[in-house]
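Heads up, the thing below is written out as structure tokens.
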There are 2 protein chains.
Amino acid sequence: MAEQPGAPPASTEGLRRLNTAVVLRSLRQQGPATRAELAKRTGLAKATVGVIVSALVEAAAVSEADTVVAPGARGRPGRPVSLTGEGLLGLGLELNVDFVSAVLLDLGGRVRLSETRPVTGDPLPTLLALARDVVRRGPRGRLLGAMVAVPGLVRGDDRSVAWAPNLHVADDVVAAAVDEALDGRCPVSVGNDANCAAFAESHHGAAVGADHALYLTGTVGIGAGIVDEGRLLRGSTGFAGEVGHMPIGDSAARCGCGRQGCWEASIGLHAMLAAAGMPELETPLRSAEAVAARADDDPRVGAALSRLGHDVGLGLAILANVLDPEVIVLGGYFVALGERVLEPARDALDRRLPSPAQRRPDLRLSTLGMEAAALGAAERSLEAVFSGEVAVAVVE
Amino acid sequence: MAEQPGAPPASTEGLRRLNTAVVLRSLRQQGPATRAELAKRTGLAKATVGVIVSALVEAAAVSEADTVVAPGARGRPGRPVSLTGEGLLGLGLELNVDFVSAVLLDLGGRVRLSETRPVTGDPLPTLLALARDVVRRGPRGRLLGAMVAVPGLVRGDDRSVAWAPNLHVADDVVAAAVDEALDGRCPVSVGNDANCAAFAESHHGAAVGADHALYLTGTVGIGAGIVDEGRLLRGSTGFAGEVGHMPIGDSAARCGCGRQGCWEASIGLHAMLAAAGMPELETPLRSAEAVAARADDDPRVGAALSRLGHDVGLGLAILANVLDPEVIVLGGYFVALGERVLEPARDALDRRLPSPAQRRPDLRLSTLGMEAAALGAAERSLEAVFSGEVAVAVVE
DNA sequence: TGACTTAAGTTCGAGTCTCGTACTTAATAG
DNA sequence: CTATTAAGTACGAGACTCGAACTTAAGTCA
């Protein structure tokens, strides 16, 4: 059964933390509002909202606009408060095999600084240098948290790596190294890259506003991130969403894992390139762009892509049956193939919905690019604030 | 994005509610404890635990044992408190096509009364009569909540039915009818039957102690219930776990839905009976028992069952890849087939795990029988207490 | 047997929080 | 210039948690 969840509120200070989080979430999800409106939205007393907002203003988490909310209305006009979060930052990092990224996000959801650097050799030192640089060059403010996205399996402590076949890291070496690079300035956690990217899509990308989203990324491997009721699905050992080796698609296709019929062996980058009869270029995206460019002229390539799309849709249908997402976002190399994959995938998906009562999940392309995982990691590093686990406003 | 979740604690009374829930969960999950132990477990102050426990004793939610916890220890011996919940009840109901069930559960997790009645014709009146009977004959006490499990789709309000192809009910007619039958004595909600059964397994059945569990039930149709971090997965429209029509197994098998290759068409009751060459009897369980009895003598039947098990395992492998459960529980007619299905399913599952790093989920048979859904519904009706949304102890 | 030790549980006062009410403030309407 | 309306604030009451001091109920050891 579930662990004793989160920090219990315990004291009245904890109560304040929770109510502050309620106000922050309301501002994030429903936009700016006057104190009176906030009181209505949250169910808190006007007086309470007043106190909380004052503290948030003091902490530079929100700011008051001078503009009146509804000019021409009777009564004293309210001054709308909006979530700007100028001075409160979350750092998202991505540690990957051939590149590292960093995104500095403020509490208002604006990206304040972001950078990606290519890597040859051990990526960790490059990541640490990047992290230090970004923090130094970024805007002044309080760093509330940092999260590192890694292509691998992360344990339930959100810190130690259980398995990362392409990266030579394990346990909490990454977390500890970043801890040190940041001088212990803020808590550091680690997360799976697909999960982080999924989170990014649901907060900033193609799945904004969707409470239930599925993110599928494809490069050489295939991975998924699952958001249910706004929360990331982790599974008992962190493996949830490791969908690359499900038996889907061409059952005779040989996979790098030694088995046959893995989904990855049908829709992974190498399978796609082989089917299109084209070579692998420097990056998956490049390779896919080249294939996309060729597809219009060469009907064989076009046919390969629509077969690919069909197999993508088949797997998505299975996932949609299990998870019932509102939106499905395709990332990775699929983005470069665009409608050439989306259309046949939609067809396959349509034919495989469980019942006429279910509407088809919206199938979209990722809009976030390379830095999706880092952005999601940054967003996740701020989650503790929005959930009320961490206090942002100081009591005066 | 997520709605403003749950009732915010808001006032200090809400804080008490939450802290009371922390104590209750600790008692449920970690067993009886003295006040001092509870203080350590929950992080609350000794004084606070004292007050909360007094209120819980008053409300007949917990009771103090006279037995000393550790005889022979120095210092004043503590009086252990245990969750008995004598006077606090949750009612679980199941509305099905050919039977209805009711389970009366106390807060301590003991079934105080349960009954199942067969139905011919409209099941709703029979259910209402059963509900009234059970409440009347059951032990005196406060009814904290009631939930009706239905074979159908339930909307996010946990009350109205969106789709129930085998039942002639829609919207909130069921909830309203039960409301009336119970004289509005407690809040009434409605839930999907597979979800309820999954919840029952994770609290009382084969998946006790597992935070992440998958429940698969098979009769004519195939359905799943998914527990992740102790919470039920619902999906955006309540369809999560509707796995019967995923394209798995024999791709040529014709399904009742008009398509081919649905999982249901390979492992549903009718497919099993056809493969075994045996007739359908009164109930799925009966039919399956007959097949199981024949399997030892007739190698053709044995072979059919191991093919069935293989197809079950194939689908479970996919689900395990997506969800990473700790335990998988098979219910429905599979229970009667026992190891004849489990063994080939385990084999297929083993061959299809995503990586050597993942351990195989434990595959078990349901132990709860017909009343699983009603029991789970009863358990769910008490969830609001354990989550702190509803107060159980009255402030004196 | 009786003083000492140890730990459980309770009492109490201080501090924090939310809430409702009453009040002040800033705009429009006439 | 006065009345009206609604936003925001001040304030006292009530609820809750907490730490420290205190009481209680056992075992320990002379």
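In the structure tokens, chains take letters A, B, ... by order of appearance, with residues numbered from 1 within each chain and ligands from 1 in the order shown.
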Review point. DSSP says strand (DSSP E) for which residues of segment 211-338 of chain A? Put them as number ranges by chain?
Key: A: 213-218, 222-228, 231-232, 327-332
Select residues of chain B: the criterion is any atom within 6 Å of an atom of chain A, counting only C-alpha atoms; output as a PDB file with N, CA and C atoms, in the first residue's frame.
```pdb
ATOM      1  N   MET B   1      -5.307  20.241 -17.183  1.00  0.00           N
ATOM      2  CA  MET B   1      -4.602  20.110 -15.902  1.00  0.00           C
ATOM      3  C   MET B   1      -5.541  19.659 -14.803  1.00  0.00           C
ATOM      4  N   ALA B   2      -4.929  19.208 -13.754  1.00  0.00           N
ATOM      5  CA  ALA B   2      -5.723  18.671 -12.644  1.00  0.00           C
ATOM      6  C   ALA B   2      -6.634  19.752 -12.080  1.00  0.00           C
ATOM      7  N   GLY B 209      -0.822  -5.377   0.003  1.00  0.00           N
ATOM      8  CA  GLY B 209       0.533  -4.893   0.218  1.00  0.00           C
ATOM      9  C   GLY B 209       1.202  -4.386  -1.045  1.00  0.00           C
ATOM     10  N   ALA B 210       0.583  -4.623  -2.185  1.00  0.00           N
ATOM     11  CA  ALA B 210       1.195  -4.143  -3.429  1.00  0.00           C
ATOM     12  C   ALA B 210       0.644  -2.766  -3.757  1.00  0.00           C
ATOM     13  N   ASP B 211       1.545  -1.855  -3.978  1.00  0.00           N
ATOM     14  CA  ASP B 211       1.184  -0.490  -4.284  1.00  0.00           C
ATOM     15  C   ASP B 211       0.748  -0.341  -5.736  1.00  0.00           C
ATOM     16  N   HIS B 212       1.276  -1.259  -6.548  1.00  0.00           N
ATOM     17  CA  HIS B 212       1.018  -1.216  -7.993  1.00  0.00           C
ATOM     18  C   HIS B 212       0.512  -2.586  -8.400  1.00  0.00           C
ATOM     19  N   GLU B 229       0.328   3.345  -7.401  1.00  0.00           N
ATOM     20  CA  GLU B 229       0.569   4.062  -6.153  1.00  0.00           C
ATOM     21  C   GLU B 229      -0.663   4.069  -5.274  1.00  0.00           C
ATOM     22  N   GLY B 230      -1.365   2.938  -5.266  1.00  0.00           N
ATOM     23  CA  GLY B 230      -2.528   2.826  -4.416  1.00  0.00           C
ATOM     24  C   GLY B 230      -3.781   3.485  -4.961  1.00  0.00           C
ATOM     25  N   GLY B 235      -8.295   7.184 -16.412  1.00  0.00           N
ATOM     26  CA  GLY B 235      -8.248   7.677 -17.778  1.00  0.00           C
ATOM     27  C   GLY B 235      -9.135   8.895 -17.927  1.00  0.00           C
ATOM     28  N   SER B 236      -9.048   9.527 -19.086  1.00  0.00           N
ATOM     29  CA  SER B 236      -9.721  10.819 -19.226  1.00  0.00           C
ATOM     30  C   SER B 236     -11.234  10.668 -19.275  1.00  0.00           C
ATOM     31  N   PHE B 239     -12.350   5.187 -19.338  1.00  0.00           N
ATOM     32  CA  PHE B 239     -12.148   3.998 -20.140  1.00  0.00           C
ATOM     33  C   PHE B 239     -10.871   3.237 -19.804  1.00  0.00           C
ATOM     34  N   ALA B 240     -10.032   3.762 -18.969  1.00  0.00           N
ATOM     35  CA  ALA B 240      -8.762   3.096 -18.696  1.00  0.00           C
ATOM     36  C   ALA B 240      -9.022   1.666 -18.230  1.00  0.00           C
ATOM     37  N   GLY B 241      -8.260   0.734 -18.754  1.00  0.00           N
ATOM     38  CA  GLY B 241      -8.430  -0.655 -18.362  1.00  0.00           C
ATOM     39  C   GLY B 241      -9.406  -1.423 -19.228  1.00  0.00           C
ATOM     40  N   GLU B 242      -9.956  -0.772 -20.248  1.00  0.00           N
ATOM     41  CA  GLU B 242     -10.866  -1.489 -21.156  1.00  0.00           C
ATOM     42  C   GLU B 242     -10.022  -2.192 -22.218  1.00  0.00           C
ATOM     43  N   VAL B 243      -9.431  -3.301 -21.815  1.00  0.00           N
ATOM     44  CA  VAL B 243      -8.383  -3.924 -22.620  1.00  0.00           C
ATOM     45  C   VAL B 243      -8.887  -5.042 -23.525  1.00  0.00           C
ATOM     46  N   HIS B 245     -10.454  -5.213 -26.251  1.00  0.00           N
ATOM     47  CA  HIS B 245     -10.386  -5.105 -27.703  1.00  0.00           C
ATOM     48  C   HIS B 245      -9.028  -4.644 -28.221  1.00  0.00           C
ATOM     49  N   MET B 246      -8.016  -4.809 -27.385  1.00  0.00           N
ATOM     50  CA  MET B 246      -6.669  -4.558 -27.886  1.00  0.00           C
ATOM     51  C   MET B 246      -6.326  -5.651 -28.904  1.00  0.00           C
ATOM     52  N   ILE B 318       2.373  -7.046 -22.429  1.00  0.00           N
ATOM     53  CA  ILE B 318       2.195  -5.684 -22.916  1.00  0.00           C
ATOM     54  C   ILE B 318       1.776  -4.761 -21.780  1.00  0.00           C
ATOM     55  N   ASN B 321       4.623  -4.070 -19.487  1.00  0.00           N
ATOM     56  CA  ASN B 321       5.569  -3.113 -20.051  1.00  0.00           C
ATOM     57  C   ASN B 321       5.086  -1.687 -19.858  1.00  0.00           C
ATOM     58  N   VAL B 322       3.795  -1.492 -20.019  1.00  0.00           N
ATOM     59  CA  VAL B 322       3.259  -0.140 -19.910  1.00  0.00           C
ATOM     60  C   VAL B 322       3.169   0.304 -18.452  1.00  0.00           C
ATOM     61  N   LEU B 323       2.744  -0.619 -17.593  1.00  0.00           N
ATOM     62  CA  LEU B 323       2.339  -0.218 -16.250  1.00  0.00           C
ATOM     63  C   LEU B 323       3.304  -0.612 -15.145  1.00  0.00           C
ATOM     64  N   ASP B 324       4.134  -1.610 -15.396  1.00  0.00           N
ATOM     65  CA  ASP B 324       5.085  -2.064 -14.399  1.00  0.00           C
ATOM     66  C   ASP B 324       4.442  -2.358 -13.048  1.00  0.00           C
ATOM     67  N   PRO B 325       3.508  -3.281 -13.032  1.00  0.00           N
ATOM     68  CA  PRO B 325       2.873  -3.625 -11.753  1.00  0.00           C
ATOM     69  C   PRO B 325       3.750  -4.547 -10.926  1.00  0.00           C
ATOM     70  N   GLU B 326       3.489  -4.576  -9.646  1.00  0.00           N
ATOM     71  CA  GLU B 326       4.221  -5.481  -8.771  1.00  0.00           C
ATOM     72  C   GLU B 326       3.537  -6.843  -8.763  1.00  0.00           C
ATOM     73  N   PRO B 354      10.604  -6.236 -20.658  1.00  0.00           N
ATOM     74  CA  PRO B 354      11.362  -5.261 -21.438  1.00  0.00           C
ATOM     75  C   PRO B 354      12.859  -5.405 -21.269  1.00  0.00           C
TER      76      PRO B 354
END
```
Check your understanding: What residues in chain A have any atom no more than 6 Å from chain C when counting only C-alpha atoms (C1' of nucleotides), and can you write them as a ChimeraX atom specification?
Key -> /A:12,74-76
Dump C-alpha atoms for the selected residues as an mmCIF file, in the first residue's frame?
```cif
data_model
loop_
_atom_site.group_PDB
_atom_site.id
_atom_site.type_symbol
_atom_site.label_atom_id
_atom_site.label_comp_id
_atom_site.auth_asym_id
_atom_site.auth_seq_id
_atom_site.Cartn_x
_atom_site.Cartn_y
_atom_site.Cartn_z
ATOM 1 C CA THR A 12 -0.655 25.168 11.193
ATOM 2 C CA ARG A 74 -19.525 49.470 -10.168
ATOM 3 C CA GLY A 75 -17.798 49.265 -6.837
ATOM 4 C CA ARG A 76 -14.177 49.431 -5.888
#
```
Please, which residues in chain D fall within 9 Å of chain A when counting only C-alpha atoms (C1' of nucleotides), and what is the closest atom pair and distance in Å to one decimal for each, ordered by chain then residue number, as CSV?
```
residue,atom,partner,partner_atom,distance
D:DT4,C1',A:Gly75,CA,7.9
D:DT5,C1',A:Gly75,CA,4.2
D:DA6,C1',A:Gly75,CA,4.2
D:DA7,C1',A:Arg76,CA,5.4
D:DG8,C1',A:Gly50,CA,7.7
D:DT9,C1',A:Ala47,CA,7.6
D:DC16,C1',A:Thr12,CA,7.0
D:DT17,C1',A:Ser11,CA,5.2
D:DC18,C1',A:Ser11,CA,8.0
```
Point to revise | DSSP helix (DSSP H, G or I) residues within segment 3-228 of chain B, as a ChimeraX atom specification | key: /B:12-30,35-42,46-58,123-137,173-181,193-203
Practice item. Pick out the residues sitting within 7 Å of segment 85-87 of chain A, and hand them over as a PyMOL selection string; count only C-alpha atoms (C1' of nucleotides), and ignore anything fewer than 3 positions along from it in its own chain. Key: chain A and resi 60-62+106-108+140-142
Check your understanding: Between atom CA of Met147 of chain A and atom CA of Ala377 of chain A, what is the spacing in Å?
Key ->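 Separating atom CA of Ala377 of chain A from atom CA of Met147 of chain A is a distance of 5.2 Å.
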Exercise for review: Find the residues near His204 of chain B: any atom within 10 Å, counting only C-alpha atoms (C1' of nucleotides), skip ones fewer than 4 places away on the same chain, and give them as a VMD selection string.
Suggested key: chain B and resid 109 to 110 198 to 200 208 to 209 367 to 368 372 375 to 376 379
Would you write out those residues with C-alpha atoms, as an mmCIF file, in the first residue's frame?
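So the final result, stored in again_15.cif, reads:
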```
data_model
loop_
_atom_site.group_PDB
_atom_site.id
_atom_site.type_symbol
_atom_site.label_atom_id
_atom_site.label_comp_id
_atom_site.auth_asym_id
_atom_site.auth_seq_id
_atom_site.Cartn_x
_atom_site.Cartn_y
_atom_site.Cartn_z
ATOM 1 C CA GLY B 109 -11.529 -3.822 7.188
ATOM 2 C CA ARG B 110 -13.730 -6.637 8.438
ATOM 3 C CA ALA B 198 -8.904 -4.435 -8.502
ATOM 4 C CA PHE B 199 -9.201 -2.264 -5.437
ATOM 5 C CA ALA B 200 -10.542 -5.200 -3.455
ATOM 6 C CA VAL B 208 -2.459 -7.041 -0.474
ATOM 7 C CA GLY B 209 0.533 -4.893 0.218
ATOM 8 C CA THR B 367 -9.046 -15.340 -3.987
ATOM 9 C CA LEU B 368 -12.087 -13.179 -3.534
ATOM 10 C CA ALA B 372 -14.854 -8.989 -5.172
ATOM 11 C CA LEU B 375 -16.063 -5.646 -1.486
ATOM 12 C CA GLY B 376 -13.903 -3.231 -3.443
ATOM 13 C CA GLU B 379 -13.514 -0.294 0.491
#
```
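Between Glu280 of chain B and the candidates B:Val341, B:Leu308, B:Leu130, B:Val220, the tightest atom-to-atom separation, counting only C-alpha atoms, involves B:Val220.
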